[in-house]
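Trainee: File follows, structure_17.pdb with PDB, C-alpha atoms, pLDDT in the B column:
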ATOM      1  CA  MET I   1       0.000   0.000   0.000  1.00 70.00           C
ATOM      2  CA  ARG I   2       1.323   3.436  -0.925  1.00 84.00           C
ATOM      3  CA  ASN I   3       1.987   5.974   1.826  1.00 89.00           C
ATOM      4  CA  PHE I   4       1.387   8.987  -0.436  1.00 96.00           C
ATOM      5  CA  ASP I   5      -1.077  10.139  -3.061  1.00 97.00           C
ATOM      6  CA  VAL I   6       0.670  13.307  -4.249  1.00 98.00           C
ATOM      7  CA  ILE I   7       4.265  14.498  -4.555  1.00 98.00           C
ATOM      8  CA  CYS I   8       4.945  18.214  -4.457  1.00 98.00           C
ATOM      9  CA  ILE I   9       8.395  19.574  -5.057  1.00 98.00           C
ATOM     10  CA  ASP I  10      10.450  22.740  -5.022  1.00 98.00           C
ATOM     11  CA  MET I  11      12.272  24.003  -8.131  1.00 98.00           C
ATOM     12  CA  PHE I  12      15.558  25.772  -7.359  1.00 96.00           C
ATOM     13  CA  GLN I  13      18.353  23.691  -5.811  1.00 95.00           C
ATOM     14  CA  THR I  14      15.937  20.756  -5.885  1.00 97.00           C
ATOM     15  CA  LEU I  15      15.239  20.177  -9.586  1.00 98.00           C
ATOM     16  CA  VAL I  16      17.551  22.771 -11.133  1.00 98.00           C
ATOM     17  CA  ASN I  17      20.877  24.228 -10.041  1.00 96.00           C
ATOM     18  CA  ILE I  18      20.939  28.037  -9.983  1.00 94.00           C
ATOM     19  CA  TYR I  19      24.672  27.918  -9.245  1.00 92.00           C
ATOM     20  CA  THR I  20      25.146  27.145 -12.952  1.00 94.00           C
ATOM     21  CA  ARG I  21      24.082  30.753 -13.656  1.00 95.00           C
ATOM     22  CA  ARG I  22      26.028  32.504 -10.893  1.00 93.00           C
ATOM     23  CA  ASN I  23      28.930  33.717 -13.049  1.00 95.00           C
ATOM     24  CA  ILE I  24      26.620  34.907 -15.815  1.00 97.00           C
ATOM     25  CA  ILE I  25      24.389  36.773 -13.375  1.00 97.00           C
ATOM     26  CA  TRP I  26      27.264  38.824 -12.016  1.00 96.00           C
ATOM     27  CA  GLN I  27      28.893  39.288 -15.422  1.00 97.00           C
ATOM     28  CA  ARG I  28      25.663  40.817 -16.673  1.00 97.00           C
ATOM     29  CA  ILE I  29      25.284  43.023 -13.607  1.00 96.00           C
ATOM     30  CA  LEU I  30      28.892  44.234 -13.340  1.00 95.00           C
ATOM     31  CA  GLY I  31      29.721  44.381 -17.047  1.00 95.00           C
ATOM     32  CA  GLU I  32      33.338  45.326 -17.789  1.00 94.00           C
ATOM     33  CA  GLU I  33      34.123  45.637 -14.091  1.00 94.00           C
ATOM     34  CA  TYR I  34      33.333  41.963 -13.471  1.00 96.00           C
ATOM     35  CA  SER I  35      35.862  39.764 -11.684  1.00 96.00           C
ATOM     36  CA  THR I  36      35.527  36.559  -9.715  1.00 95.00           C
ATOM     37  CA  GLU I  37      36.710  38.449  -6.645  1.00 96.00           C
ATOM     38  CA  LEU I  38      33.902  41.014  -6.946  1.00 96.00           C
ATOM     39  CA  GLN I  39      31.397  38.274  -7.720  1.00 95.00           C
ATOM     40  CA  GLU I  40      32.369  36.508  -4.522  1.00 95.00           C
ATOM     41  CA  ARG I  41      32.281  39.691  -2.450  1.00 95.00           C
ATOM     42  CA  TYR I  42      28.929  40.974  -3.651  1.00 95.00           C
ATOM     43  CA  GLY I  43      27.477  37.456  -3.810  1.00 93.00           C
ATOM     44  CA  GLN I  44      28.235  36.968  -0.125  1.00 93.00           C
ATOM     45  CA  GLN I  45      26.618  40.313   0.672  1.00 94.00           C
ATOM     46  CA  LEU I  46      23.521  39.284  -1.275  1.00 92.00           C
ATOM     47  CA  ASP I  47      23.363  35.939   0.548  1.00 88.00           C
ATOM     48  CA  LYS I  48      23.595  37.828   3.841  1.00 88.00           C
ATOM     49  CA  GLN I  49      20.720  40.117   2.828  1.00 87.00           C
ATOM     50  CA  ILE I  50      18.591  37.096   1.895  1.00 84.00           C
ATOM     51  CA  PHE I  51      19.396  35.212   5.097  1.00 79.00           C
ATOM     52  CA  GLU I  52      18.826  38.156   7.426  1.00 79.00           C
ATOM     53  CA  ARG I  53      15.956  39.997   5.747  1.00 80.00           C
ATOM     54  CA  PHE I  54      13.900  37.803   3.408  1.00 79.00           C
ATOM     55  CA  HIS I  55      11.545  36.307   5.967  1.00 72.00           C
ATOM     56  CA  ILE I  56      11.211  39.678   7.683  1.00 72.00           C
ATOM     57  CA  HIS I  57       9.975  41.105   4.384  1.00 68.00           C
ATOM     58  CA  VAL I  58       7.625  38.165   3.927  1.00 69.00           C
ATOM     59  CA  ASP I  59       6.250  38.081   7.480  1.00 66.00           C
ATOM     60  CA  GLU I  60       5.916  41.821   8.058  1.00 66.00           C
ATOM     61  CA  ALA I  61       4.889  43.086   4.614  1.00 64.00           C
ATOM     62  CA  LYS I  62       1.431  44.649   4.539  1.00 71.00           C
ATOM     63  CA  GLU I  63       1.047  43.498   0.952  1.00 84.00           C
ATOM     64  CA  PHE I  64       2.740  40.855  -1.158  1.00 89.00           C
ATOM     65  CA  LEU I  65       6.053  41.769  -2.801  1.00 90.00           C
ATOM     66  CA  ASN I  66       7.319  39.589  -5.616  1.00 93.00           C
ATOM     67  CA  LEU I  67      10.929  38.417  -5.584  1.00 94.00           C
ATOM     68  CA  LYS I  68      12.083  40.993  -8.116  1.00 95.00           C
ATOM     69  CA  SER I  69      10.836  43.788  -5.845  1.00 93.00           C
ATOM     70  CA  ILE I  70      12.508  42.245  -2.804  1.00 92.00           C
ATOM     71  CA  PHE I  71      15.803  41.715  -4.599  1.00 93.00           C
ATOM     72  CA  GLU I  72      15.734  45.257  -5.913  1.00 95.00           C
ATOM     73  CA  ILE I  73      15.803  46.369  -2.263  1.00 92.00           C
ATOM     74  CA  TYR I  74      18.775  44.079  -1.585  1.00 94.00           C
ATOM     75  CA  PHE I  75      20.733  45.209  -4.635  1.00 96.00           C
ATOM     76  CA  SER I  76      20.049  48.864  -3.754  1.00 95.00           C
ATOM     77  CA  GLN I  77      21.547  48.269  -0.313  1.00 94.00           C
ATOM     78  CA  ILE I  78      24.600  46.445  -1.684  1.00 95.00           C
ATOM     79  CA  PHE I  79      25.258  49.126  -4.288  1.00 96.00           C
ATOM     80  CA  LYS I  80      24.882  51.884  -1.676  1.00 95.00           C
ATOM     81  CA  GLU I  81      27.223  50.180   0.809  1.00 94.00           C
ATOM     82  CA  ASN I  82      29.893  49.700  -1.856  1.00 95.00           C
ATOM     83  CA  ASP I  83      29.404  53.112  -3.518  1.00 95.00           C
ATOM     84  CA  LEU I  84      28.478  51.478  -6.821  1.00 94.00           C
ATOM     85  CA  ASN I  85      26.600  53.221  -9.592  1.00 93.00           C
ATOM     86  CA  TYR I  86      24.456  50.344 -10.852  1.00 95.00           C
ATOM     87  CA  ASP I  87      20.748  50.114 -11.539  1.00 97.00           C
ATOM     88  CA  ALA I  88      19.181  47.986  -8.785  1.00 97.00           C
ATOM     89  CA  ASN I  89      16.013  47.414 -10.795  1.00 97.00           C
ATOM     90  CA  LYS I  90      18.007  46.070 -13.746  1.00 97.00           C
ATOM     91  CA  ALA I  91      20.142  43.905 -11.440  1.00 97.00           C
ATOM     92  CA  ALA I  92      17.008  42.372  -9.895  1.00 97.00           C
ATOM     93  CA  GLU I  93      15.591  41.711 -13.361  1.00 97.00           C
ATOM     94  CA  ILE I  94      18.820  39.963 -14.397  1.00 97.00           C
ATOM     95  CA  PHE I  95      18.927  37.956 -11.192  1.00 96.00           C
ATOM     96  CA  THR I  96      15.366  36.655 -11.449  1.00 97.00           C
ATOM     97  CA  SER I  97      15.344  36.048 -15.214  1.00 97.00           C
ATOM     98  CA  GLU I  98      18.574  34.035 -15.097  1.00 97.00           C
ATOM     99  CA  HIS I  99      16.864  31.538 -12.789  1.00 97.00           C
ATOM    100  CA  GLY I 100      14.781  30.487 -15.765  1.00 97.00           C
ATOM    101  CA  LEU I 101      17.947  29.279 -17.512  1.00 97.00           C
ATOM    102  CA  ALA I 102      19.240  27.100 -14.678  1.00 97.00           C
ATOM    103  CA  VAL I 103      20.425  23.577 -15.537  1.00 97.00           C
ATOM    104  CA  THR I 104      18.639  20.481 -14.232  1.00 97.00           C
ATOM    105  CA  TYR I 105      20.418  18.109 -11.870  1.00 97.00           C
ATOM    106  CA  GLU I 106      21.442  14.735 -13.261  1.00 96.00           C
ATOM    107  CA  ASP I 107      18.817  12.831 -11.259  1.00 97.00           C
ATOM    108  CA  THR I 108      15.887  15.091 -12.171  1.00 97.00           C
ATOM    109  CA  GLU I 109      14.916  13.357 -15.416  1.00 96.00           C
ATOM    110  CA  LEU I 110      14.974   9.931 -13.743  1.00 96.00           C
ATOM    111  CA  PHE I 111      12.831  11.244 -10.900  1.00 97.00           C
ATOM    112  CA  PHE I 112      10.089  12.344 -13.288  1.00 97.00           C
ATOM    113  CA  LYS I 113      10.397   9.155 -15.334  1.00 95.00           C
ATOM    114  CA  LEU I 114       9.885   6.844 -12.363  1.00 95.00           C
ATOM    115  CA  VAL I 115       7.839   8.843  -9.878  1.00 96.00           C
ATOM    116  CA  GLY I 116       5.705  10.510 -12.535  1.00 95.00           C
ATOM    117  CA  LYS I 117       4.377   7.131 -13.664  1.00 92.00           C
ATOM    118  CA  ASP I 118       2.587   6.521 -10.374  1.00 92.00           C
ATOM    119  CA  TYR I 119       2.119   9.905  -8.729  1.00 97.00           C
ATOM    120  CA  PRO I 120       0.891  13.361  -9.703  1.00 98.00           C
ATOM    121  CA  ILE I 121       3.827  15.746  -9.214  1.00 98.00           C
ATOM    122  CA  CYS I 122       3.086  19.392  -8.513  1.00 98.00           C
ATOM    123  CA  LEU I 123       5.477  22.312  -8.278  1.00 98.00           C
ATOM    124  CA  VAL I 124       5.519  24.537  -5.189  1.00 98.00           C
ATOM    125  CA  SER I 125       7.983  27.379  -5.625  1.00 97.00           C
ATOM    126  CA  ASP I 126       8.808  30.714  -4.041  1.00 95.00           C
ATOM    127  CA  ALA I 127       9.375  32.407  -7.371  1.00 96.00           C
ATOM    128  CA  ASP I 128       8.209  34.997  -9.868  1.00 97.00           C
ATOM    129  CA  ASN I 129       6.581  33.892 -13.094  1.00 96.00           C
ATOM    130  CA  ASN I 130       9.606  34.805 -15.233  1.00 96.00           C
ATOM    131  CA  MET I 131      11.788  32.537 -13.106  1.00 97.00           C
ATOM    132  CA  ILE I 132       9.568  29.494 -13.626  1.00 97.00           C
ATOM    133  CA  MET I 133       7.894  29.748 -17.031  1.00 97.00           C
ATOM    134  CA  PRO I 134      11.035  29.161 -19.159  1.00 97.00           C
ATOM    135  CA  LEU I 135      11.674  25.929 -17.234  1.00 97.00           C
ATOM    136  CA  LEU I 136       8.237  24.319 -17.459  1.00 96.00           C
ATOM    137  CA  ASP I 137       8.844  22.536 -20.770  1.00 95.00           C
ATOM    138  CA  LYS I 138      11.505  20.448 -19.020  1.00 94.00           C
ATOM    139  CA  PHE I 139       9.010  18.862 -16.616  1.00 96.00           C
ATOM    140  CA  LYS I 140       5.591  17.232 -16.551  1.00 94.00           C
ATOM    141  CA  PHE I 141       3.869  18.861 -13.611  1.00 98.00           C
ATOM    142  CA  ASP I 142       0.304  17.984 -12.733  1.00 98.00           C
ATOM    143  CA  LYS I 143      -0.174  21.477 -11.273  1.00 98.00           C
ATOM    144  CA  ILE I 144       2.003  24.466 -10.413  1.00 98.00           C
ATOM    145  CA  PHE I 145       1.807  26.704  -7.344  1.00 98.00           C
ATOM    146  CA  ILE I 146       4.006  29.807  -7.706  1.00 97.00           C
ATOM    147  CA  SER I 147       4.256  32.517  -5.075  1.00 96.00           C
ATOM    148  CA  GLU I 148       3.757  35.411  -7.499  1.00 96.00           C
ATOM    149  CA  GLN I 149       0.515  33.852  -8.749  1.00 96.00           C
ATOM    150  CA  ILE I 150      -0.793  33.009  -5.287  1.00 96.00           C
ATOM    151  CA  GLY I 151       0.447  36.186  -3.614  1.00 95.00           C
ATOM    152  CA  ALA I 152       2.188  34.364  -0.784  1.00 94.00           C
ATOM    153  CA  TYR I 153       5.382  32.482   0.053  1.00 93.00           C
ATOM    154  CA  LYS I 154       5.816  29.012   1.540  1.00 93.00           C
ATOM    155  CA  LYS I 155       6.468  30.335   5.035  1.00 89.00           C
ATOM    156  CA  ASP I 156       3.633  32.832   4.885  1.00 88.00           C
ATOM    157  CA  PRO I 157       2.108  33.168   8.400  1.00 86.00           C
ATOM    158  CA  GLU I 158      -1.297  32.124   7.032  1.00 90.00           C
ATOM    159  CA  ASN I 159       0.136  29.112   5.139  1.00 93.00           C
ATOM    160  CA  LYS I 160      -1.651  30.180   1.943  1.00 95.00           C
ATOM    161  CA  MET I 161       0.718  28.381  -0.412  1.00 96.00           C
ATOM    162  CA  PHE I 162       0.403  24.906   1.049  1.00 98.00           C
ATOM    163  CA  LYS I 163      -3.283  25.375   1.833  1.00 98.00           C
ATOM    164  CA  LYS I 164      -3.777  25.889  -1.913  1.00 98.00           C
ATOM    165  CA  VAL I 165      -2.147  22.509  -2.481  1.00 98.00           C
ATOM    166  CA  LEU I 166      -4.497  20.867   0.025  1.00 98.00           C
ATOM    167  CA  GLU I 167      -7.542  22.577  -1.461  1.00 98.00           C
ATOM    168  CA  TYR I 168      -6.643  21.407  -4.952  1.00 98.00           C
ATOM    169  CA  TYR I 169      -5.869  17.758  -4.208  1.00 98.00           C
ATOM    170  CA  LYS I 170      -8.393  17.188  -1.402  1.00 98.00           C
ATOM    171  CA  VAL I 171      -6.374  14.457   0.321  1.00 97.00           C
ATOM    172  CA  GLU I 172      -5.132  14.107   3.884  1.00 98.00           C
ATOM    173  CA  PRO I 173      -2.071  16.340   4.398  1.00 98.00           C
ATOM    174  CA  LYS I 174       0.075  13.415   5.508  1.00 97.00           C
ATOM    175  CA  ARG I 175      -0.664  11.722   2.167  1.00 98.00           C
ATOM    176  CA  ILE I 176       1.275  14.482   0.375  1.00 98.00           C
ATOM    177  CA  LEU I 177       5.071  14.393   0.335  1.00 98.00           C
ATOM    178  CA  HIS I 178       6.792  17.743  -0.172  1.00 98.00           C
ATOM    179  CA  ILE I 179      10.443  17.768  -1.257  1.00 98.00           C
ATOM    180  CA  GLY I 180      12.513  20.938  -0.972  1.00 96.00           C
ATOM    181  CA  ASP I 181      15.906  22.313  -0.014  1.00 93.00           C
ATOM    182  CA  ALA I 182      15.044  25.314   2.182  1.00 89.00           C
ATOM    183  CA  SER I 183      13.832  25.792   5.732  1.00 89.00           C
ATOM    184  CA  SER I 184      10.692  27.420   4.308  1.00 90.00           C
ATOM    185  CA  ASP I 185       9.872  24.148   2.536  1.00 94.00           C
ATOM    186  CA  ILE I 186       9.989  22.273   5.815  1.00 95.00           C
ATOM    187  CA  ILE I 187       8.340  24.892   8.028  1.00 93.00           C
ATOM    188  CA  GLY I 188       5.546  25.756   5.606  1.00 94.00           C
ATOM    189  CA  ALA I 189       4.619  22.161   4.755  1.00 97.00           C
ATOM    190  CA  ASN I 190       4.901  20.973   8.368  1.00 97.00           C
ATOM    191  CA  ASN I 191       2.597  23.793   9.483  1.00 96.00           C
ATOM    192  CA  VAL I 192      -0.299  22.256   7.551  1.00 97.00           C
ATOM    193  CA  GLY I 193       0.567  18.615   8.264  1.00 98.00           C
ATOM    194  CA  ILE I 194       2.131  17.772   4.898  1.00 98.00           C
ATOM    195  CA  THR I 195       4.907  15.162   5.118  1.00 98.00           C
ATOM    196  CA  THR I 196       8.285  16.764   4.488  1.00 98.00           C
ATOM    197  CA  CYS I 197      11.494  15.645   2.823  1.00 98.00           C
ATOM    198  CA  TRP I 198      14.572  17.876   2.968  1.00 96.00           C
ATOM    199  CA  ILE I 199      16.953  17.524   0.030  1.00 96.00           C
ATOM    200  CA  ASN I 200      20.448  18.693   0.956  1.00 95.00           C
ATOM    201  CA  ARG I 201      22.456  18.620  -2.269  1.00 93.00           C
ATOM    202  CA  HIS I 202      25.131  21.089  -1.204  1.00 86.00           C
ATOM    203  CA  ASP I 203      25.852  20.123   2.426  1.00 87.00           C
ATOM    204  CA  TYR I 204      23.904  22.953   4.004  1.00 82.00           C
ATOM    205  CA  GLN I 205      22.711  23.103   7.596  1.00 79.00           C
ATOM    206  CA  LEU I 206      18.963  23.174   8.080  1.00 79.00           C
ATOM    207  CA  LYS I 207      18.243  26.220  10.219  1.00 75.00           C
ATOM    208  CA  CYS I 208      14.781  25.771  11.647  1.00 76.00           C
ATOM    209  CA  ASP I 209      13.212  24.366  14.795  1.00 79.00           C
ATOM    210  CA  THR I 210      10.979  21.870  13.034  1.00 87.00           C
ATOM    211  CA  GLU I 211      12.356  18.645  11.553  1.00 92.00           C
ATOM    212  CA  PRO I 212      11.546  17.023   8.208  1.00 96.00           C
ATOM    213  CA  LYS I 213      10.401  13.418   8.263  1.00 96.00           C
ATOM    214  CA  TYR I 214      13.002  12.467   5.644  1.00 97.00           C
ATOM    215  CA  LYS I 215      16.456  13.780   4.782  1.00 96.00           C
ATOM    216  CA  ILE I 216      18.062  13.002   1.425  1.00 97.00           C
ATOM    217  CA  LYS I 217      21.006  14.187  -0.672  1.00 96.00           C
ATOM    218  CA  SER I 218      19.624  13.317  -4.099  1.00 96.00           C
ATOM    219  CA  LEU I 219      16.267  12.600  -5.680  1.00 97.00           C
ATOM    220  CA  VAL I 220      17.332   8.980  -6.174  1.00 96.00           C
ATOM    221  CA  GLU I 221      16.985   8.551  -2.410  1.00 96.00           C
ATOM    222  CA  VAL I 222      13.258   9.320  -2.718  1.00 96.00           C
ATOM    223  CA  PHE I 223      12.601   6.109  -4.636  1.00 96.00           C
ATOM    224  CA  PRO I 224      12.856   3.720  -1.641  1.00 94.00           C
ATOM    225  CA  ILE I 225      10.610   6.083   0.351  1.00 95.00           C
ATOM    226  CA  LEU I 226       8.010   5.683  -2.390  1.00 95.00           C
ATOM    227  CA  GLY I 227       8.548   1.928  -2.662  1.00 90.00           C
ATOM    228  CA  ILE I 228      10.043   1.847  -6.153  1.00 85.00           C
ATOM    229  CA  GLU I 229      13.441   0.303  -5.361  1.00 70.00           C
ATOM    230  CA  GLU I 230      12.976  -2.619  -7.741  1.00 50.00           C
ATOM    231  CA  GLU I 231      12.192  -0.348 -10.665  1.00 50.00           C
ATOM    232  CA  ILE I 232      15.317   1.738 -10.251  1.00 51.00           C
ATOM    233  CA  ALA I 233      17.461  -1.385 -10.075  1.00 44.00           C
ATOM    234  CA  ALA I 234      16.195  -2.315 -13.526  1.00 51.00           C
ATOM    235  CA  VAL I 235      16.973   1.090 -15.087  1.00 51.00           C
TER     236      VAL I 235
END
How does the structure come out when it is put into structure tokens?
Mentor:
Amino acid sequence: MRNFDVICIDMFQTLVNIYTRRNIIWQRILGEEYSTELQERYGQQLDKQIFERFHIHVDEAKEFLNLKSIFEIYFSQIFKENDLNYDANKAAEIFTSEHGLAVTYEDTELFFKLVGKDYPICLVSDADNNMIMPLLDKFKFDKIFISEQIGAYKKDPENKMFKKVLEYYKVEPKRILHIGDASSDIIGANNVGITTCWINRHDYQLKCDTEPKYKIKSLVEVFPILGIEEEIAAV
């Protein structure tokens, strides 16, 4: 007997690797002044802004801000702190649009081939439309839930994102398995009773108080959880 009826999954750092676009992002932003040293410096500052401020923006905002708007704030701060004369709006546009060109991980195609035969797979992503739409032809999703369309993020205090998943599929929360790489994936899904699976491809530390039911390092490790070990052995 199967433990799950639906699989929902994150996009970035779960199905596709945004790190494959990192150099290009900063080359486009910095132009002729680009160097790996500056990329590293400003990239670390951007990561710090995301880590320290993103969920504050999400939790305290009176109205929904899409990712481009949030990242424009971050780029403005970075450019101001470093006395740089760059257009923050353009930088945010580059940053978000380049996500749509990210490369899939090696195990992604196999995941859809095997899991997609027996389960509906839906996308749940904290993303703007222009980050997701160019990637959709690569996957066969049963349904997509994108923050810009819903007007909420995964860790939204009202749990709008994952409640939309429950409303659509009309199954017990524990019968849905959500796979994602971020703390928001685990916190948001756990908040509504959805079973969680943390994928840790890049040896991160999970920084949240709530624990996922499963921890994996590749999508191949999902197959035994779903009871399809014999099928993968034959591939």
Trainee: Taking the file as shown, find all residues satisfying the PyMOL selection byres ((chain I and resi 65) around 12) and write them as a compact mmCIF listing (two decimals) with C-alpha atoms, in the frame of the given file.
Mentor:
# COMPACT_ATOMS: atom_id res chain seq x y z
CA PHE I 54 13.90 37.80 3.41
CA HIS I 55 11.54 36.31 5.97
CA ILE I 56 11.21 39.68 7.68
CA HIS I 57 9.98 41.10 4.38
CA VAL I 58 7.62 38.16 3.93
CA ASP I 59 6.25 38.08 7.48
CA GLU I 60 5.92 41.82 8.06
CA ALA I 61 4.89 43.09 4.61
CA LYS I 62 1.43 44.65 4.54
CA GLU I 63 1.05 43.50 0.95
CA PHE I 64 2.74 40.85 -1.16
CA ASN I 66 7.32 39.59 -5.62
CA LEU I 67 10.93 38.42 -5.58
CA LYS I 68 12.08 40.99 -8.12
CA SER I 69 10.84 43.79 -5.84
CA ILE I 70 12.51 42.24 -2.80
CA PHE I 71 15.80 41.72 -4.60
CA GLU I 72 15.73 45.26 -5.91
CA ILE I 73 15.80 46.37 -2.26
CA ASP I 126 8.81 30.71 -4.04
CA ALA I 127 9.38 32.41 -7.37
CA ASP I 128 8.21 35.00 -9.87
CA SER I 147 4.26 32.52 -5.08
CA GLU I 148 3.76 35.41 -7.50
CA GLN I 149 0.52 33.85 -8.75
CA ILE I 150 -0.79 33.01 -5.29
CA GLY I 151 0.45 36.19 -3.61
CA ALA I 152 2.19 34.36 -0.78
CA TYR I 153 5.38 32.48 0.05
Trainee: Can you pull out every residue within 12 Å of Val222 of chain I, counting only C-alpha atoms, but drop anything in the same chain fewer than 5 positions away, and send it as number ranges by chain?
Mentor: I: 7, 9, 107-108, 110-112, 114-115, 177-180, 196-199, 214-217, 227-229, 232
Trainee: What separation in Å, quoted to one decimal, exists between atom CA of Glu167 of chain I and atom CA of Cys8 of chain I?
Mentor: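 Calculated distance between atom CA of Glu167 of chain I and atom CA of Cys8 of chain I is 13.6 Å.
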Trainee: Which value, in Å to one decimal, gives the distance between atom CA of Ile187 of chain I and atom CA of Asn130 of chain I?
Mentor: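 Calculated distance between atom CA of Ile187 of chain I and atom CA of Asn130 of chain I is 25.3 Å.
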Trainee: Smallest atom-to-atom distance to Arg175 of chain I: which of I:Phe79, I:Tyr86, I:Tyr42, I:Tyr119, using all atoms listed in the file?
Mentor: I:Tyr119
Trainee: Tell me which residues the PyMOL selection byres ((chain I and resi 15) around 7) grabs here, as a PyMOL selection string.
Mentor: chain I and resi 11-14+16-17+104-105+108
Trainee: Tell me, in Å to one decimal, how far atom CA of Gln27 of chain I is from atom CA of Glu40 of chain I.
Mentor: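 The value is 11.8 Å.
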Trainee: Quick one: residues within 12 Å of Lys170 of chain I, all atoms listed in the file counted, chain neighbours fewer than 6 positions away excluded, as a PyMOL selection string?
Mentor: chain I and resi 5-6+162-164+176
Trainee: For this file, the PyMOL selection byres ((chain I and resi 173) around 8) selects which residues, as an MDAnalysis selection string?
Mentor: chainID I and resid 166 171:172 174:176 192:195
Trainee: Would you compute, for all listed atoms of segment 136-153 of chain I, the axis-aligned bounding box grown by 8 Å on each side, and then report its centre and edge lengths in Å rounded to one decimal, as AutoDock Vina command-line options?
Mentor:
--center_x 5.4 --center_y 26.7 --center_z -10.4 --size_x 28.3 --size_y 35.0 --size_z 36.8
Trainee: Select, from I:Ile121, I:Leu206, I:Ala189, I:Leu219, the residue with the minimum atom-to-atom distance to Glu158 of chain I, counting all atoms listed in the file.
Mentor: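 For Glu158 of chain I, the nearest of the given residues is I:Ala189.
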Trainee: Give me the residues within 10 Å of Lys140 of chain I as number ranges by chain, counting only C-alpha atoms and dropping any in the same chain fewer than 4 places off.
Mentor: I: 112-113, 116, 120-123, 136
